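Presented below is the structure to which this report refers.
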Amino acid sequence: MDAAVKISALGLVAALLALLLRKSNPELALCLALAGGAAVLAPALELLSAVADTARRARELSGLSPAIYSPLFKCAAVGIICSVSAEACRDSGSAQLASAVETAGAVAALFCALPLMTALLDTVEGLL
């Protein structure tokens, strides 16, 4: 809870400063917004390590293969990275580039999910 409040406050301050700078210096405002985004994501990565530890423990207790959990985390990471990148593109005024980033992210997520699809097909084939 404490981390979420700090992250939100940092993001809000960076957004307000970027908004103030946008009229006089839009390039600097974009750089400030990107730096603020990076500063917000840094503490979130620390929280992600706890999530990864819990998922690793769940995998060990369930006895499932790491081949099942790894693609899930990769797909989630691709989604988060592409979402942040697309919003940065929109903030810079390039909606078309943002759409391209989102489309490329969807394709990359599908590619990351290929091992899951292969495992599913192998299971179905084994049942037939």
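As shown in the structure tokens, the chain order sets the letters A, B, ...; within each chain, residues go from 1, and ligands are also counted from 1 in the order they appear.
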
Dump as CSV the rows for residues of region 33-76 of chain A within 12 Å of region 16-19 of chain A: closest atom pair and distance in Å with one decimal, only C-alpha atoms counted, ordered by chain and rising residue number.
```
residue,atom,partner,partner_atom,distance
A:Ala33,CA,A:Ala18,CA,5.9
A:Leu34,CA,A:Ala18,CA,9.6
A:Ala35,CA,A:Ala18,CA,10.3
A:Gly36,CA,A:Ala18,CA,9.1
A:Gly37,CA,A:Ala18,CA,11.3
```

Practice problem: Go through A:Leu47, A:Ala67, A:Leu12, A:Ala42 one by one, measure the shortest atom-to-atom distance of each to Leu120 (chain A) using only C-alpha atoms, and give the residue with the smallest value. | Solution: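 For Leu120 (chain A), the nearest of the candidates is A:Ala67.
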
Exercise. Check the smallest atom-to-atom distance from each of A:Lys74, A:Ala50, A:Ala88, A:Gly79 to Ala38 (chain A) using only C-alpha atoms, then report the winner.
Key: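 Among A:Lys74, A:Ala50, A:Ala88, A:Gly79, it is A:Ala88 that comes nearest to Ala38 (chain A).
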
Practice problem: Find the residues around Ala104 (chain A) up to 10 Å (only C-alpha atoms counted), leave out those fewer than 6 positions away in its own chain, and share them as a VMD selection string. | Solution: chain A and resid 78 82 98 110

Output C-alpha atoms of each residue in that selection to a file, as a PDB file, in the first residue's frame.
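Everything below was put into again22.pdb:
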```pdb
ATOM      1  CA  VAL A  78       5.286  -7.777 -23.449  1.00  0.00           C
ATOM      2  CA  CYS A  82       4.070  -2.192 -25.223  1.00  0.00           C
ATOM      3  CA  ALA A  98       1.210   4.011 -30.892  1.00  0.00           C
ATOM      4  CA  LEU A 110       1.276 -14.482 -29.496  1.00  0.00           C
TER       5      LEU A 110
END
```

Within 12 Å of Ala119 (chain A), counting only C-alpha atoms, which residues qualify if same-chain residues fewer than 3 places away don't, as a PDB file with C-alpha atoms, in the first residue's frame?
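New file result_37.pdb:
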```pdb
ATOM      1  CA  LEU A  64       3.925 -28.193 -13.438  1.00  0.00           C
ATOM      2  CA  SER A  65       6.678 -27.591 -15.942  1.00  0.00           C
ATOM      3  CA  PRO A  66       8.436 -24.230 -16.112  1.00  0.00           C
ATOM      4  CA  ALA A  67       7.475 -24.276 -19.797  1.00  0.00           C
ATOM      5  CA  ILE A  68       3.948 -23.357 -18.724  1.00  0.00           C
ATOM      6  CA  TYR A  69       4.753 -20.465 -16.391  1.00  0.00           C
ATOM      7  CA  PRO A  71       5.340 -17.904 -21.430  1.00  0.00           C
ATOM      8  CA  ALA A 113       2.533 -17.988 -26.157  1.00  0.00           C
ATOM      9  CA  LEU A 114       3.657 -20.488 -28.828  1.00  0.00           C
ATOM     10  CA  PRO A 115       5.139 -22.911 -26.260  1.00  0.00           C
ATOM     11  CA  LEU A 116       1.762 -23.013 -24.484  1.00  0.00           C
ATOM     12  CA  ASP A 122       0.837 -32.236 -27.789  1.00  0.00           C
ATOM     13  CA  THR A 123      -1.634 -32.995 -24.992  1.00  0.00           C
ATOM     14  CA  VAL A 124      -4.556 -33.209 -27.400  1.00  0.00           C
ATOM     15  CA  GLU A 125      -2.529 -35.406 -29.747  1.00  0.00           C
ATOM     16  CA  GLY A 126      -1.637 -37.697 -26.852  1.00  0.00           C
TER      17      GLY A 126
END
```

Practice problem: Check the smallest atom-to-atom distance from each of A:Ile7, A:Val13, A:Leu20, A:Leu28 to Ser92 (chain A) using only C-alpha atoms, then report the winner. | Solution: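 Distance minimum relative to Ser92 (chain A) lands on A:Leu28.
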
Quiz item: Using only C-alpha atoms, which residues sit within 12 Å of Cys89 (chain A) once same-chain residues fewer than 2 positions away are excluded, as number ranges by chain?
Solution: A: 30-31, 33-34, 82-87, 91-102

Those selected residues, please, written with N, CA, C and O atoms and delivered as a short mmCIF file (atom, residue, chain, number, x, y, z; two decimals), in the first residue's frame.
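Output below, filename result-v4.cif:
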```cif
data_model
loop_
_atom_site.label_atom_id
_atom_site.label_comp_id
_atom_site.auth_asym_id
_atom_site.auth_seq_id
_atom_site.Cartn_x
_atom_site.Cartn_y
_atom_site.Cartn_z
N LEU A 30 8.18 16.03 -22.91
CA LEU A 30 8.16 14.61 -23.25
C LEU A 30 9.29 13.87 -22.54
O LEU A 30 9.07 12.78 -21.99
N CYS A 31 10.47 14.46 -22.53
CA CYS A 31 11.60 13.83 -21.82
C CYS A 31 11.32 13.69 -20.33
O CYS A 31 11.63 12.66 -19.73
N ALA A 33 8.34 13.46 -18.96
CA ALA A 33 7.31 12.43 -18.80
C ALA A 33 7.93 11.03 -18.91
O ALA A 33 7.57 10.13 -18.15
N LEU A 34 8.84 10.84 -19.86
CA LEU A 34 9.50 9.54 -20.00
C LEU A 34 10.37 9.22 -18.78
O LEU A 34 10.38 8.08 -18.29
N CYS A 82 4.70 -2.80 -24.04
CA CYS A 82 4.07 -2.19 -25.22
C CYS A 82 3.01 -1.16 -24.84
O CYS A 82 2.86 -0.15 -25.52
N SER A 83 2.31 -1.40 -23.76
CA SER A 83 1.32 -0.42 -23.30
C SER A 83 1.98 0.89 -22.90
O SER A 83 1.53 1.97 -23.30
N VAL A 84 3.05 0.80 -22.14
CA VAL A 84 3.78 2.01 -21.72
C VAL A 84 4.37 2.72 -22.93
O VAL A 84 4.28 3.95 -23.06
N SER A 85 4.94 1.96 -23.85
CA SER A 85 5.54 2.56 -25.05
C SER A 85 4.48 3.23 -25.92
O SER A 85 4.70 4.33 -26.45
N ALA A 86 3.34 2.59 -26.08
CA ALA A 86 2.27 3.16 -26.89
C ALA A 86 1.74 4.46 -26.28
O ALA A 86 1.49 5.43 -27.00
N GLU A 87 1.62 4.49 -24.97
CA GLU A 87 1.16 5.73 -24.33
C GLU A 87 2.19 6.85 -24.48
O GLU A 87 1.82 8.02 -24.66
N ASP A 91 1.49 10.42 -26.20
CA ASP A 91 1.83 11.69 -25.54
C ASP A 91 2.67 12.57 -26.45
O ASP A 91 2.59 13.79 -26.37
N SER A 92 3.48 11.95 -27.30
CA SER A 92 4.32 12.74 -28.20
C SER A 92 3.55 13.16 -29.45
O SER A 92 4.08 13.85 -30.31
N GLY A 93 2.29 12.74 -29.56
CA GLY A 93 1.46 13.16 -30.68
C GLY A 93 1.45 12.21 -31.85
O GLY A 93 1.01 12.56 -32.93
N SER A 94 1.93 10.99 -31.67
CA SER A 94 2.01 10.04 -32.77
C SER A 94 1.08 8.85 -32.51
O SER A 94 1.52 7.79 -32.08
N ALA A 95 -0.20 9.05 -32.77
CA ALA A 95 -1.19 8.00 -32.53
C ALA A 95 -0.98 6.81 -33.46
O ALA A 95 -1.20 5.66 -33.07
N GLN A 96 -0.54 7.08 -34.69
CA GLN A 96 -0.31 5.98 -35.64
C GLN A 96 0.84 5.09 -35.16
O GLN A 96 0.75 3.87 -35.22
N LEU A 97 1.89 5.68 -34.67
CA LEU A 97 3.01 4.90 -34.14
C LEU A 97 2.58 4.11 -32.90
O LEU A 97 2.98 2.96 -32.72
N ALA A 98 1.73 4.71 -32.07
CA ALA A 98 1.21 4.01 -30.89
C ALA A 98 0.42 2.78 -31.31
O ALA A 98 0.57 1.70 -30.71
N SER A 99 -0.39 2.90 -32.34
CA SER A 99 -1.16 1.75 -32.84
C SER A 99 -0.24 0.68 -33.37
O SER A 99 -0.47 -0.53 -33.17
N ALA A 100 0.83 1.08 -34.05
CA ALA A 100 1.79 0.11 -34.57
C ALA A 100 2.50 -0.62 -33.43
O ALA A 100 2.71 -1.84 -33.50
N VAL A 101 2.84 0.10 -32.37
CA VAL A 101 3.48 -0.53 -31.21
C VAL A 101 2.53 -1.55 -30.56
O VAL A 101 2.92 -2.66 -30.20
N GLU A 102 1.26 -1.17 -30.43
CA GLU A 102 0.28 -2.09 -29.85
C GLU A 102 0.09 -3.33 -30.71
O GLU A 102 0.00 -4.45 -30.19
#
```
